[in-house]
Structures are given as structure tokens and as C-alpha cells.
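Participant: Pasting a structure here, questions to come.
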Amino acid sequence: MSYFTPAMRVDVMRDPGARQIQVVSGNFAWDESVPGGGFIPGTIATPATAAVKDRLLQLWSTPHGALKAAERAASSAKVTKENGATAITFPMTTPLAGITMKITLNASDHVEKVETRTENGTVTETTYSDYKDLGEIQSDVLFPLHITQKQGGVQVLDLTITKTDPNNPYVVFPVPESVEKPK
């Protein structure tokens, strides 16, 4: 993940042999056949233009991304107390303008819930729990072990995280030519 660019690569192994790699970098989104697909001979980077906003919203909805998005919102962010918890609400900026984000912090000030609401009223609620440092090299970067997500009140995601790599120095997300200039 890179919040500066902004960019993110999600590499999911569903079953042995079933791998899905989704990437977003700035205004471009694509799927890779292998990490770095499109730059390695014999590999593929398939444009996914329609997925740019959804993938950017995924990036900014991560615990660390949500807090950075709130920081970028500056004076547009409003902090309140709700049932004893701290809540931060703010409008997203371009290219996600029209979406409102609400972050709820737990008693340890970790992001417990991120709720996004689109202009048409679609609500996505992502909850994060059981924060730990799962990196091979301990770094004090805590990540939630359990992530669930609901869209329109229906659960669409339930993840258990077993490994993170917060020390991965690869945060450069070049856009493959097949994505940037499709034929």
C-alpha cells in the first residue's frame, strides 16, 4: 500500500492454484497474472478501468488509510463522541467526492469500524478487530486479525489475517503500458 501515490496491490490465494491479484495506482486499475504482471515477459496486466474508484475506496477504508483520509480532510473532519467511542466523520475528496466516511475508534484508539456512504445511500461497513503485530520482523505496526464487511446490511466479507508484511520496501506501483495505453 502507498497512501502517497495512492496505490495498493491485493494478492489473494483462495485455494491452491486460485490466485487473484488486483492493483490500483492513481487513476489506473488492473489485474495481474503474477505480482508485477505486465513487466515480466509472458505475464499479463489486464486493465480494470471500472474498478478504480472501488479499489481506491478499499485503500482509504483500511485502518491506516482511513486515518490518513481523515487527516487529508483537515477542517472538514468532525470529531464526536458516540456511545463513549470517538467518531470522525468527513467527506472524501476527488476522485471519491460524494462519499462520506465515518471512522469509529475503540478504547485503544484503533480503528474499529469504517462506514462509507455514497450519494445514492449505499452504505458499506467494515469492522476491524484483534489488532496484533504479525510481521516476521516486529515493527510495532499493528494490523487487525479479523475483518468483516457488510454492504447494505448484508455480510460480503469475513477475513482472518494470519500474516502481514509491514516492512515490505516495495511501495512503487508502476503502471504497465498495457494498462496505461491499451490498444
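Ligands are numbered from 1 in the order shown, chains are lettered A, B, ... in the order of the C-alpha cells, and residues start at 1 in each chain.
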Tell me which protein, DNA and RNA residues are within 9 Å of Thr124 in chain A, counting only C-alpha atoms, leaving out same-chain ones fewer than 5 positions away, and put them as a VMD selection string.
Facilitator: chain A and resid 114 to 118 149 to 153
Participant: Quick one: contact table of range 62-154 of chain A to range 34-55 of chain A, 10 Å max, nearest atom pair and distance in Å to one decimal per residue, counting only C-alpha atoms, chain and number order, as CSV?
Facilitator:
residue,atom,partner,partner_atom,distance
A:Thr94,CA,A:Lys53,CA,9.9
A:Pro95,CA,A:Lys53,CA,7.1
A:Leu96,CA,A:Lys53,CA,6.7
Participant: Would you mind exporting N, CA and C atoms of the selected residues as an mmCIF file, in the first residue's frame?
Facilitator:
data_model
loop_
_atom_site.group_PDB
_atom_site.id
_atom_site.type_symbol
_atom_site.label_atom_id
_atom_site.label_comp_id
_atom_site.auth_asym_id
_atom_site.auth_seq_id
_atom_site.Cartn_x
_atom_site.Cartn_y
_atom_site.Cartn_z
ATOM 1 N N THR A 94 -11.870 14.214 -4.266
ATOM 2 C CA THR A 94 -11.771 13.662 -5.611
ATOM 3 C C THR A 94 -10.679 12.600 -5.655
ATOM 4 N N PRO A 95 -10.848 11.491 -6.280
ATOM 5 C CA PRO A 95 -11.932 11.087 -7.158
ATOM 6 C C PRO A 95 -13.102 10.401 -6.439
ATOM 7 N N LEU A 96 -13.096 10.431 -5.103
ATOM 8 C CA LEU A 96 -14.160 9.784 -4.326
ATOM 9 C C LEU A 96 -15.149 10.796 -3.760
#
Participant: For Ala87 in chain A, work out the shell of residues within 9 Å, counting only C-alpha atoms and skipping chain neighbours fewer than 6 positions away, then give it as a count of residues only.
Facilitator: 8
Participant: Point out the residue among A:Pro176, A:Gly17, A:Pro6, A:Gly98 with the least atom-to-atom distance to Thr122 in chain A, counting only C-alpha atoms.
Facilitator: A:Gly98
Participant: Could you check the closest approach to Ala70 in chain A for each of A:Pro144, A:Gln58, A:Thr89, A:Lys183 and tell me which residue wins, using only C-alpha atoms?
Facilitator: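 Smallest distance to Ala70 in chain A is found for A:Thr89.
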Participant: Please identify which residues in range 32-170 of chain A DSSP calls strand (DSSP E) from the backbone, and express them as a PyMOL selection string.
Facilitator: chain A and resi 32+45-47+78-82+85-91+100-105+111-117+123-132+143-151+154-160
Participant: Selected residues, C-alpha atoms, written as a PDB file, in the first residue's frame, please.
Facilitator:
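And here is the file that came out, again-v7.pdb:
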ATOM      1  CA  GLU A  32      -2.112  -9.173 -12.729  1.00  0.00           C
ATOM      2  CA  ALA A  45      -1.706  -6.990 -16.774  1.00  0.00           C
ATOM      3  CA  THR A  46      -5.392  -6.640 -17.686  1.00  0.00           C
ATOM      4  CA  PRO A  47      -6.916  -3.144 -17.429  1.00  0.00           C
ATOM      5  CA  LYS A  78     -15.666  16.437  12.554  1.00  0.00           C
ATOM      6  CA  VAL A  79     -14.823  14.556  15.760  1.00  0.00           C
ATOM      7  CA  THR A  80     -17.656  13.488  18.073  1.00  0.00           C
ATOM      8  CA  LYS A  81     -18.332  11.040  20.884  1.00  0.00           C
ATOM      9  CA  GLU A  82     -20.913   8.319  20.223  1.00  0.00           C
ATOM     10  CA  ALA A  85     -16.397   5.984  21.396  1.00  0.00           C
ATOM     11  CA  THR A  86     -14.634   8.578  19.273  1.00  0.00           C
ATOM     12  CA  ALA A  87     -16.112   9.032  15.783  1.00  0.00           C
ATOM     13  CA  ILE A  88     -14.563  11.010  12.926  1.00  0.00           C
ATOM     14  CA  THR A  89     -16.823  11.935  10.004  1.00  0.00           C
ATOM     15  CA  PHE A  90     -15.755  13.684   6.804  1.00  0.00           C
ATOM     16  CA  PRO A  91     -16.404  13.934   3.064  1.00  0.00           C
ATOM     17  CA  THR A 100     -18.836  10.301   3.293  1.00  0.00           C
ATOM     18  CA  MET A 101     -16.589   8.294   5.620  1.00  0.00           C
ATOM     19  CA  LYS A 102     -17.140   7.723   9.316  1.00  0.00           C
ATOM     20  CA  ILE A 103     -14.415   6.147  11.454  1.00  0.00           C
ATOM     21  CA  THR A 104     -15.122   4.722  14.904  1.00  0.00           C
ATOM     22  CA  LEU A 105     -12.154   4.229  17.253  1.00  0.00           C
ATOM     23  CA  VAL A 111      -9.950   1.837  14.053  1.00  0.00           C
ATOM     24  CA  GLU A 112     -12.838  -0.426  14.955  1.00  0.00           C
ATOM     25  CA  LYS A 113     -15.240   0.455  12.159  1.00  0.00           C
ATOM     26  CA  VAL A 114     -15.174   2.354   8.871  1.00  0.00           C
ATOM     27  CA  GLU A 115     -18.508   3.255   7.352  1.00  0.00           C
ATOM     28  CA  THR A 116     -18.789   4.759   3.884  1.00  0.00           C
ATOM     29  CA  ARG A 117     -21.968   6.228   2.450  1.00  0.00           C
ATOM     30  CA  VAL A 123     -23.617   2.007   2.988  1.00  0.00           C
ATOM     31  CA  THR A 124     -20.535  -0.185   3.382  1.00  0.00           C
ATOM     32  CA  GLU A 125     -19.467  -1.015   6.931  1.00  0.00           C
ATOM     33  CA  THR A 126     -16.089  -2.606   7.579  1.00  0.00           C
ATOM     34  CA  THR A 127     -15.164  -3.729  11.097  1.00  0.00           C
ATOM     35  CA  TYR A 128     -11.652  -4.444  12.344  1.00  0.00           C
ATOM     36  CA  SER A 129     -10.722  -6.366  15.495  1.00  0.00           C
ATOM     37  CA  ASP A 130      -7.955  -8.240  17.316  1.00  0.00           C
ATOM     38  CA  TYR A 131      -5.031  -5.960  16.447  1.00  0.00           C
ATOM     39  CA  LYS A 132      -1.556  -7.565  16.566  1.00  0.00           C
ATOM     40  CA  PHE A 143      -2.941  -4.828  11.965  1.00  0.00           C
ATOM     41  CA  PRO A 144      -6.375  -6.348  12.620  1.00  0.00           C
ATOM     42  CA  LEU A 145      -6.547 -10.139  12.607  1.00  0.00           C
ATOM     43  CA  HIS A 146     -10.260 -10.125  11.783  1.00  0.00           C
ATOM     44  CA  ILE A 147     -12.015  -8.043   9.132  1.00  0.00           C
ATOM     45  CA  THR A 148     -15.695  -8.215   8.240  1.00  0.00           C
ATOM     46  CA  GLN A 149     -17.635  -6.135   5.770  1.00  0.00           C
ATOM     47  CA  LYS A 150     -21.312  -5.511   5.143  1.00  0.00           C
ATOM     48  CA  GLN A 151     -22.853  -3.774   2.164  1.00  0.00           C
ATOM     49  CA  VAL A 154     -25.545  -7.960   4.091  1.00  0.00           C
ATOM     50  CA  GLN A 155     -22.213  -9.527   5.053  1.00  0.00           C
ATOM     51  CA  VAL A 156     -19.989  -9.795   1.982  1.00  0.00           C
ATOM     52  CA  LEU A 157     -16.584 -10.404   3.580  1.00  0.00           C
ATOM     53  CA  ASP A 158     -15.178 -12.266   6.566  1.00  0.00           C
ATOM     54  CA  LEU A 159     -11.378 -12.442   6.636  1.00  0.00           C
ATOM     55  CA  THR A 160      -8.940 -13.853   9.141  1.00  0.00           C
TER      56      THR A 160
END
Participant: Let me make sure I understand: among A:Leu142, A:Ala7, A:Ala29, A:Ala97, which one has the smallest atom-to-atom distance to Pro63 in chain A if we use only C-alpha atoms?
Facilitator: A:Leu142
Participant: Which value, in Å to one decimal, gives the distance between CA of Lys181 in chain A and CA of Val23 in chain A?
Facilitator: 16.2 Å
Participant: A:Gln22, A:Asn83, A:Phe28, A:Met1: which is nearest Val175 in chain A, counting only C-alpha atoms?
Facilitator: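 Looking only at the distances to Val175 in chain A, the closest residue turns out to be A:Phe28.
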Participant: Need to verify the contact set: Ala73 in chain A, 9 Å, only C-alpha atoms, exclusion of same-chain residues closer than 4 positions in sequence. Can you return it as a VMD selection string?
Facilitator: chain A and resid 68 to 69 77 90 to 93
Participant: Residues of range 47-135 of chain A classed as alpha helix (DSSP H) by DSSP on the backbone are to be reported as a list in words.
Facilitator: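 Put together, the selection reads Val52, Lys53, Asp54, Arg55, Leu56, Leu57, Gln58, Leu59, Trp60, Pro63, His64, Gly65, Ala66, Leu67, Lys68, Ala69, Ala70, Glu71, Arg72 and Ala73 of chain A.
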Participant: Between CA of Gly65 in chain A and CA of Asn106 in chain A, what is the distance in Å, rounded to a tenth?
Facilitator: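 Between these atoms lies a distance of 16.4 Å.
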Participant: With only C-alpha atoms as the basis for distance, which of A:Arg19, A:His110, A:Arg72, A:Arg9 is at the shortest distance from Val141 in chain A?
Facilitator: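 Looking only at the distances to Val141 in chain A, the closest residue turns out to be A:His110.
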